[in-house]
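The structure appears below as structure tokens.
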Amino acid sequence: MRSVMTEASTPLYMDAVIQPNRSLSARGMWLVLGLLAAANLGIGAFLVLIGAYPVPIFLGLDMLGVIIAFRVYRRRAARAERVRVDADQITVSRDGARGSATVWRSPTTFTRVRFEGASDHTRRLSLHLSDRSIAIGQALGADERARLAGRLRDAIGDALAERHGRP
């Protein structure tokens, strides 16, 4: 595994950014909302013409529900998790709509990677230090979590080898 030098000249053995799948771009979202609004306006105008006055109110509520759902989707799609491994420590930070925060920091030497669970889809990837633990990679599928676990173990092994002077 290749190391990358950070600002403090400490070799960085892993710098992974984990983000949920964004299946709809911002442009696509606006296109869907525009088409839905146009359809609702057309249907609402027709219903008003035939005398069904209360129905457009429900079309408006339907549109409001879709807008709220898209806002929740965009907020969740903005989340990201960053896992960094260097010779001294492992750092996990989480980015969201409200900013970034470091949620885990532990010495590389004593941190263990666990990938456990009953079936492939329920397997959980976590970092452990004494009685503390943190789940990572929850936005990933089972295969991707398994690959991330392997990469984490390799990065920790490389960091420990460098720290203790082994080739």
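Identifiers in this document derive from the order of the structure tokens: chains are assigned A, B, ..., residues are numbered from 1 separately in each chain, and ligands are numbered from 1 in order of occurrence.
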
Test item: residues at most 7 Å from Ser106 of chain A, only C-alpha atoms, excluding those fewer than 5 positions along its chain, as a PyMOL selection string:
chain A and resi 89-91+111

I need the residues of segment 4-153 of chain A that end up classed as strand (DSSP E or B) by DSSP on the backbone, written out as a ChimeraX atom specification.
/A:4-5,11-18,80-86,89-96,99-107,112-116,124-129,132-135

Keeping C-alpha atoms for every residue in the selection just given, could you write it to a file as a compact mmCIF listing (two decimals), in the first residue's frame?
```
# COMPACT_ATOMS: atom_id res chain seq x y z
CA VAL A 4 0.79 9.79 1.19
CA MET A 5 2.58 12.57 3.06
CA PRO A 11 2.97 9.17 6.25
CA LEU A 12 -0.72 8.63 5.66
CA TYR A 13 -1.50 4.95 5.01
CA MET A 14 -5.20 5.34 4.33
CA ASP A 15 -7.49 8.25 3.58
CA ALA A 16 -10.90 6.91 2.59
CA VAL A 17 -13.99 9.03 2.06
CA ILE A 18 -17.23 7.05 2.34
CA ALA A 80 -19.74 11.64 4.24
CA GLU A 81 -17.41 9.72 6.51
CA ARG A 82 -13.61 10.02 6.34
CA VAL A 83 -11.26 7.38 7.77
CA ARG A 84 -7.58 8.29 8.04
CA VAL A 85 -4.79 5.99 9.23
CA ASP A 86 -1.27 7.19 9.97
CA GLN A 89 -3.52 7.44 15.12
CA ILE A 90 -6.73 6.51 13.36
CA THR A 91 -9.19 9.34 12.86
CA VAL A 92 -12.83 9.10 11.79
CA SER A 93 -14.67 12.31 10.93
CA ARG A 94 -18.19 12.76 9.67
CA ASP A 95 -19.33 15.54 7.36
CA GLY A 96 -22.93 16.58 7.02
CA GLY A 99 -20.36 20.79 9.00
CA SER A 100 -17.61 18.36 9.88
CA ALA A 101 -16.80 16.76 13.22
CA THR A 102 -14.16 14.28 14.34
CA VAL A 103 -16.02 11.47 16.08
CA TRP A 104 -13.19 9.01 16.73
CA ARG A 105 -9.49 9.26 17.44
CA SER A 106 -7.41 6.37 18.69
CA PRO A 107 -3.80 5.21 18.64
CA ARG A 112 -8.62 -3.26 16.28
CA VAL A 113 -10.83 -3.74 13.21
CA ARG A 114 -13.83 -6.03 13.61
CA PHE A 115 -16.07 -7.23 10.82
CA GLU A 116 -18.75 -9.39 12.37
CA ARG A 124 -20.96 -4.65 10.83
CA LEU A 125 -17.57 -3.02 10.42
CA SER A 126 -16.25 -1.31 13.52
CA LEU A 127 -13.13 0.03 15.17
CA HIS A 128 -12.44 -0.98 18.78
CA LEU A 129 -10.23 0.45 21.49
CA ARG A 132 -15.04 1.95 23.08
CA SER A 133 -16.15 1.20 19.54
CA ILE A 134 -17.51 2.98 16.49
CA ALA A 135 -19.34 1.56 13.48
```

Would you please give, as an mmCIF file with N, CA and C atoms, in the first residue's frame, all residues of segment 72-144 of chain A that DSSP assigns to alpha helix (DSSP H) based on the backbone?
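Output below, filename states.cif:
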```cif
data_model
loop_
_atom_site.group_PDB
_atom_site.id
_atom_site.type_symbol
_atom_site.label_atom_id
_atom_site.label_comp_id
_atom_site.auth_asym_id
_atom_site.auth_seq_id
_atom_site.Cartn_x
_atom_site.Cartn_y
_atom_site.Cartn_z
ATOM 1 N N VAL A 72 -34.974 16.013 2.457
ATOM 2 C CA VAL A 72 -34.392 14.980 3.320
ATOM 3 C C VAL A 72 -33.362 14.170 2.536
ATOM 4 N N TYR A 73 -33.682 13.811 1.303
ATOM 5 C CA TYR A 73 -32.762 13.075 0.449
ATOM 6 C C TYR A 73 -31.469 13.853 0.238
ATOM 7 N N ARG A 74 -31.558 15.129 -0.087
ATOM 8 C CA ARG A 74 -30.358 15.941 -0.337
ATOM 9 C C ARG A 74 -29.517 16.072 0.935
ATOM 10 N N ARG A 75 -30.162 16.220 2.075
ATOM 11 C CA ARG A 75 -29.419 16.339 3.334
ATOM 12 C C ARG A 75 -28.682 15.039 3.646
ATOM 13 N N ARG A 76 -29.338 13.917 3.454
ATOM 14 C CA ARG A 76 -28.684 12.624 3.712
ATOM 15 C C ARG A 76 -27.607 12.320 2.686
ATOM 16 N N ALA A 77 -27.797 12.758 1.453
ATOM 17 C CA ALA A 77 -26.796 12.533 0.412
ATOM 18 C C ALA A 77 -25.559 13.385 0.641
ATOM 19 N N ALA A 142 -22.425 -4.807 1.624
ATOM 20 C CA ALA A 142 -21.683 -5.835 2.357
ATOM 21 C C ALA A 142 -20.308 -6.096 1.743
ATOM 22 N N ASP A 143 -20.236 -6.204 0.414
ATOM 23 C CA ASP A 143 -18.950 -6.458 -0.246
ATOM 24 C C ASP A 143 -17.988 -5.289 -0.066
ATOM 25 N N GLU A 144 -18.515 -4.079 -0.175
ATOM 26 C CA GLU A 144 -17.670 -2.895 -0.013
ATOM 27 C C GLU A 144 -17.152 -2.772 1.415
#
```

How far is it from atom CA of Leu41 of chain A to atom CA of Leu61 of chain A, in Å with one decimal?
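Pair atom CA of Leu41 of chain A / atom CA of Leu61 of chain A returns 12.6 Å.
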
Within 8 Å of Pro56 of chain A, counting only C-alpha atoms, which residues show up once you throw out same-chain ones fewer than 4 positions away? Write them as a list in words, please.
Asn40, Ile43, Gly44, Ala45, Leu47, Val48 and Gly60 of chain A

Option closest in space to Trp30 of chain A, from A:Leu49, A:Gly42, A:Asp62, A:Arg71 [counting only C-alpha atoms]
A:Arg71

Can you work out the spacing between atom CA of Leu36 of chain A and atom CA of Arg79 of chain A in Å, to one decimal?
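Value for the atom CA of Leu36 of chain A-atom CA of Arg79 of chain A distance: 26.7 Å.
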
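Take the candidates A:Ser130, A:Thr108, A:Thr122, A:Gln138 and check each one against Asp154 of chain A using only C-alpha atoms; the shortest distance goes to A:Thr108.
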